[in-house]
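Printed here is entry-v7.txt (compact mmCIF, N, CA and C atoms):
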```txt
# COMPACT_ATOMS: atom_id res chain seq x y z
N MET A 147 91.30 -2.73 -64.63
CA MET A 147 91.61 -1.45 -64.01
C MET A 147 92.18 -1.69 -62.61
N ASN A 148 93.07 -0.85 -62.23
CA ASN A 148 93.71 -0.94 -60.93
C ASN A 148 92.68 -0.59 -59.85
N PRO A 149 92.56 -1.39 -58.78
CA PRO A 149 91.58 -1.07 -57.73
C PRO A 149 91.85 0.25 -57.03
N TRP A 150 93.11 0.65 -56.93
CA TRP A 150 93.42 1.92 -56.30
C TRP A 150 92.93 3.10 -57.12
N MET A 151 92.88 2.93 -58.42
CA MET A 151 92.36 4.00 -59.27
C MET A 151 90.88 4.22 -59.03
N LEU A 152 90.14 3.13 -58.78
CA LEU A 152 88.72 3.26 -58.48
C LEU A 152 88.51 3.99 -57.16
N VAL A 153 89.34 3.65 -56.20
CA VAL A 153 89.25 4.32 -54.90
C VAL A 153 89.59 5.80 -55.07
N TRP A 154 90.66 6.10 -55.80
CA TRP A 154 91.07 7.48 -56.01
C TRP A 154 90.00 8.28 -56.74
N ASP A 155 89.34 7.67 -57.72
CA ASP A 155 88.29 8.36 -58.45
C ASP A 155 87.13 8.74 -57.53
N SER A 156 86.77 7.87 -56.61
CA SER A 156 85.67 8.20 -55.71
C SER A 156 86.10 9.20 -54.65
N VAL A 157 87.32 9.07 -54.16
CA VAL A 157 87.83 9.99 -53.14
C VAL A 157 88.04 11.37 -53.74
N ARG A 158 88.44 11.42 -54.96
CA ARG A 158 88.73 12.69 -55.62
C ARG A 158 87.50 13.60 -55.64
N TRP A 159 86.33 13.05 -55.68
CA TRP A 159 85.12 13.86 -55.72
C TRP A 159 84.48 14.03 -54.34
N TRP A 160 84.63 13.05 -53.48
CA TRP A 160 83.97 13.13 -52.18
C TRP A 160 84.69 14.07 -51.21
N VAL A 161 85.98 14.08 -51.24
CA VAL A 161 86.72 14.92 -50.30
C VAL A 161 86.42 16.41 -50.51
N PRO A 162 86.50 16.92 -51.73
CA PRO A 162 86.13 18.34 -51.89
C PRO A 162 84.67 18.62 -51.54
N ALA A 163 83.79 17.67 -51.86
CA ALA A 163 82.38 17.86 -51.52
C ALA A 163 82.20 17.92 -50.00
N LEU A 164 82.88 17.06 -49.28
CA LEU A 164 82.79 17.07 -47.82
C LEU A 164 83.39 18.36 -47.24
N LEU A 165 84.50 18.80 -47.80
CA LEU A 165 85.11 20.05 -47.32
C LEU A 165 84.20 21.25 -47.60
N LEU A 166 83.58 21.28 -48.75
CA LEU A 166 82.65 22.36 -49.07
C LEU A 166 81.46 22.33 -48.12
N MET A 167 80.91 21.14 -47.85
CA MET A 167 79.79 21.01 -46.93
C MET A 167 80.18 21.47 -45.53
N LEU A 168 81.38 21.11 -45.10
CA LEU A 168 81.88 21.52 -43.79
C LEU A 168 82.01 23.05 -43.72
N ALA A 169 82.54 23.66 -44.75
CA ALA A 169 82.71 25.10 -44.77
C ALA A 169 81.37 25.82 -44.74
N VAL A 170 80.40 25.32 -45.50
CA VAL A 170 79.08 25.96 -45.54
C VAL A 170 78.39 25.84 -44.18
N THR A 171 78.41 24.65 -43.58
CA THR A 171 77.74 24.49 -42.28
C THR A 171 78.46 25.29 -41.20
N PHE A 172 79.79 25.38 -41.27
CA PHE A 172 80.52 26.19 -40.30
C PHE A 172 80.13 27.66 -40.42
N THR A 173 80.00 28.14 -41.66
CA THR A 173 79.65 29.54 -41.88
C THR A 173 78.26 29.85 -41.33
N PHE A 174 77.29 29.00 -41.65
CA PHE A 174 75.94 29.23 -41.14
C PHE A 174 75.88 29.10 -39.62
N GLY A 175 76.58 28.13 -39.06
CA GLY A 175 76.60 27.98 -37.61
C GLY A 175 77.25 29.15 -36.91
N ARG A 176 78.30 29.68 -37.52
CA ARG A 176 78.98 30.83 -36.92
C ARG A 176 78.09 32.06 -36.94
N ARG A 177 77.40 32.27 -38.05
CA ARG A 177 76.49 33.43 -38.12
C ARG A 177 75.36 33.31 -37.11
N LEU A 178 74.80 32.12 -37.00
CA LEU A 178 73.72 31.90 -36.05
C LEU A 178 74.22 32.09 -34.62
N GLY A 179 75.41 31.58 -34.34
CA GLY A 179 75.98 31.73 -33.00
C GLY A 179 76.29 33.17 -32.65
N ARG A 180 76.79 33.92 -33.62
CA ARG A 180 77.07 35.34 -33.37
C ARG A 180 75.79 36.11 -33.12
N ARG A 181 74.74 35.78 -33.86
CA ARG A 181 73.46 36.45 -33.68
C ARG A 181 72.91 36.15 -32.28
N GLU A 182 72.95 34.87 -31.90
CA GLU A 182 72.46 34.51 -30.56
C GLU A 182 73.31 35.14 -29.47
N GLY A 183 74.61 35.21 -29.69
CA GLY A 183 75.50 35.84 -28.71
C GLY A 183 75.22 37.32 -28.55
N ARG A 184 74.93 37.97 -29.67
CA ARG A 184 74.62 39.41 -29.60
C ARG A 184 73.33 39.65 -28.82
N VAL A 185 72.32 38.82 -29.06
CA VAL A 185 71.05 38.96 -28.33
C VAL A 185 71.26 38.69 -26.85
N ARG A 186 72.04 37.66 -26.55
CA ARG A 186 72.30 37.33 -25.15
C ARG A 186 73.09 38.45 -24.47
N GLY A 187 74.04 39.03 -25.20
CA GLY A 187 74.82 40.14 -24.66
C GLY A 187 73.97 41.36 -24.38
N GLU A 188 72.97 41.60 -25.25
CA GLU A 188 72.07 42.73 -25.02
C GLU A 188 71.24 42.52 -23.75
N HIS A 189 70.97 41.27 -23.41
CA HIS A 189 70.21 41.00 -22.19
C HIS A 189 71.09 41.05 -20.95
N ILE A 190 72.33 40.63 -21.08
CA ILE A 190 73.22 40.52 -19.91
C ILE A 190 73.95 41.83 -19.62
N ALA A 191 74.25 42.62 -20.64
CA ALA A 191 75.08 43.83 -20.46
C ALA A 191 74.52 44.81 -19.43
N PRO A 192 73.22 45.13 -19.45
CA PRO A 192 72.74 46.08 -18.42
C PRO A 192 72.91 45.55 -17.00
N ILE A 193 72.73 44.26 -16.82
CA ILE A 193 72.89 43.68 -15.48
C ILE A 193 74.35 43.74 -15.07
N ALA A 194 75.25 43.43 -16.00
CA ALA A 194 76.68 43.46 -15.68
C ALA A 194 77.14 44.89 -15.40
N MET A 195 76.63 45.85 -16.15
CA MET A 195 77.00 47.24 -15.90
C MET A 195 76.49 47.71 -14.54
N ARG A 196 75.30 47.30 -14.19
CA ARG A 196 74.74 47.66 -12.89
C ARG A 196 75.59 47.06 -11.78
N ALA A 197 75.97 45.79 -11.92
CA ALA A 197 76.80 45.14 -10.91
C ALA A 197 78.16 45.83 -10.80
N GLN A 198 78.74 46.21 -11.93
CA GLN A 198 80.03 46.91 -11.90
C GLN A 198 79.89 48.24 -11.19
N GLY A 199 78.82 48.95 -11.45
CA GLY A 199 78.61 50.23 -10.79
C GLY A 199 78.43 50.08 -9.30
N LEU A 200 77.73 49.05 -8.88
CA LEU A 200 77.53 48.82 -7.45
C LEU A 200 78.82 48.38 -6.78
N ARG A 201 79.64 47.57 -7.50
CA ARG A 201 80.91 47.12 -6.93
C ARG A 201 81.91 48.26 -6.78
N THR A 202 82.04 49.07 -7.82
CA THR A 202 83.07 50.11 -7.81
C THR A 202 82.57 51.42 -7.23
N GLY A 203 81.28 51.64 -7.22
CA GLY A 203 80.73 52.90 -6.71
C GLY A 203 80.79 54.01 -7.73
N VAL A 204 81.08 53.66 -9.00
CA VAL A 204 81.17 54.65 -10.08
C VAL A 204 80.23 54.22 -11.19
N CYS A 205 79.44 55.15 -11.71
CA CYS A 205 78.54 54.85 -12.80
C CYS A 205 79.35 54.54 -14.06
N PRO A 206 79.15 53.36 -14.70
CA PRO A 206 79.92 53.05 -15.89
C PRO A 206 79.54 53.89 -17.10
N LEU A 207 78.39 54.55 -17.08
CA LEU A 207 77.97 55.36 -18.22
C LEU A 207 78.50 56.79 -18.14
N CYS A 208 78.30 57.44 -16.99
CA CYS A 208 78.69 58.85 -16.91
C CYS A 208 79.91 59.10 -16.04
N GLY A 209 80.32 58.14 -15.22
CA GLY A 209 81.52 58.28 -14.42
C GLY A 209 81.33 58.97 -13.09
N THR A 210 80.10 59.31 -12.70
CA THR A 210 79.90 59.96 -11.41
C THR A 210 80.00 58.93 -10.30
N ARG A 211 80.46 59.39 -9.16
CA ARG A 211 80.55 58.51 -7.99
C ARG A 211 79.22 58.52 -7.26
N MET A 212 78.95 57.43 -6.56
CA MET A 212 77.71 57.35 -5.81
C MET A 212 77.72 58.39 -4.71
N GLY A 213 76.62 59.08 -4.56
CA GLY A 213 76.50 60.11 -3.54
C GLY A 213 76.82 61.50 -4.06
N GLU A 214 77.46 61.61 -5.22
CA GLU A 214 77.74 62.93 -5.78
C GLU A 214 76.48 63.50 -6.41
N ARG A 215 76.36 64.80 -6.37
CA ARG A 215 75.24 65.46 -7.04
C ARG A 215 75.76 66.06 -8.32
N THR A 216 75.12 65.72 -9.40
CA THR A 216 75.54 66.29 -10.69
C THR A 216 74.88 67.64 -10.89
N ALA A 217 75.31 68.37 -11.90
CA ALA A 217 74.74 69.68 -12.19
C ALA A 217 73.27 69.56 -12.54
N ALA A 218 72.89 68.49 -13.20
CA ALA A 218 71.49 68.30 -13.56
C ALA A 218 70.64 68.01 -12.32
N ALA A 219 71.23 67.33 -11.35
CA ALA A 219 70.47 66.99 -10.15
C ALA A 219 70.27 68.19 -9.25
N VAL A 220 71.19 69.15 -9.31
CA VAL A 220 71.07 70.34 -8.46
C VAL A 220 69.84 71.15 -8.86
N GLY A 221 69.56 71.28 -10.15
CA GLY A 221 68.42 72.05 -10.61
C GLY A 221 67.20 71.19 -10.88
N ALA A 222 67.16 70.03 -10.32
CA ALA A 222 66.05 69.10 -10.58
C ALA A 222 64.79 69.55 -9.87
N VAL A 223 63.68 69.00 -10.30
CA VAL A 223 62.38 69.31 -9.69
C VAL A 223 62.35 68.75 -8.27
N PRO A 224 61.83 69.50 -7.31
CA PRO A 224 61.76 68.98 -5.94
C PRO A 224 60.93 67.70 -5.90
N THR A 225 61.25 66.87 -4.93
CA THR A 225 60.58 65.57 -4.85
C THR A 225 59.13 65.67 -4.40
N SER A 226 58.72 66.80 -3.82
CA SER A 226 57.34 66.92 -3.38
C SER A 226 56.37 67.10 -4.55
N GLU A 227 56.88 67.55 -5.69
CA GLU A 227 56.03 67.74 -6.87
C GLU A 227 56.22 66.55 -7.81
N PRO A 228 55.15 66.09 -8.44
CA PRO A 228 55.32 64.97 -9.37
C PRO A 228 56.05 65.43 -10.63
N VAL A 229 56.90 64.57 -11.14
CA VAL A 229 57.65 64.89 -12.35
C VAL A 229 56.72 64.85 -13.55
N LEU A 230 55.85 63.84 -13.60
CA LEU A 230 54.86 63.72 -14.67
C LEU A 230 53.50 64.10 -14.14
N ASP A 231 52.64 64.57 -15.00
CA ASP A 231 51.29 64.93 -14.58
C ASP A 231 50.45 63.65 -14.54
N THR A 232 50.60 62.91 -13.44
CA THR A 232 49.86 61.65 -13.31
C THR A 232 48.64 61.80 -12.41
N ASP A 233 48.53 62.93 -11.72
CA ASP A 233 47.40 63.14 -10.84
C ASP A 233 46.20 63.59 -11.67
N ARG A 234 45.24 62.72 -11.86
CA ARG A 234 44.10 63.00 -12.73
C ARG A 234 42.81 63.25 -11.95
N ARG A 235 42.94 63.51 -10.66
CA ARG A 235 41.73 63.71 -9.87
C ARG A 235 40.98 64.96 -10.28
N ASP A 236 41.71 65.98 -10.73
CA ASP A 236 41.03 67.23 -11.09
C ASP A 236 40.36 67.13 -12.46
N ARG A 237 40.63 66.08 -13.24
CA ARG A 237 40.05 65.93 -14.57
C ARG A 237 38.82 65.07 -14.59
N VAL A 238 38.45 64.50 -13.48
CA VAL A 238 37.31 63.57 -13.45
C VAL A 238 35.99 64.30 -13.48
```
Mind converting the file's structure to structure tokens?
Amino acid sequence: MNPWMLVWDSVRWWVPALLLMLAVTFTFGRRLGRREGRVRGEHIAPIAMRAQGLRTGVCPLCGTRMGERTAAAVGAVPTSEPVLDTDRRDRV
């Protein structure tokens, strides 16, 4: 038998197996990386939004400028009264 035929017979099966293994590991690695990236983004996004708001002076969520009073803030509860009923001295 020709020695090149023996080499070709072994390569013929190993190359597709290696390519399949590479594709499978790439797929799993990509999914894991995307999952980790999403979790990391959930942790970093609020900090980045806060920094953007402080840099530009505009809230990235609602678009109000710093120092402006919104319609909700105009009718808000005065600061002298507690917003939540946390004073429990009368219940003791």
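From CA of Leu168 in chain A back to atom C of Arg181 in chain A, the distance works out to 20.7 Å.
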Subject >> Distance of CA of Gly187 in chain A from CA of Thr202 in chain A, expressed in Å to one decimal place >> reply: 21.2 Å
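The space separating CA of Leu165 in chain A from CA of Arg180 in chain A comes to 22.2 Å.
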**OP:** For Met195 in chain A, please output as a list in words all residues within 10 Å (counting only C-alpha atoms; exclusion window: fewer than 4 positions along the same chain).
**Re:**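 In the requested format, the answer is Ile190, Ala191, Gly199, Leu200, Arg201, Cys205, Pro206 and Leu207 of chain A.
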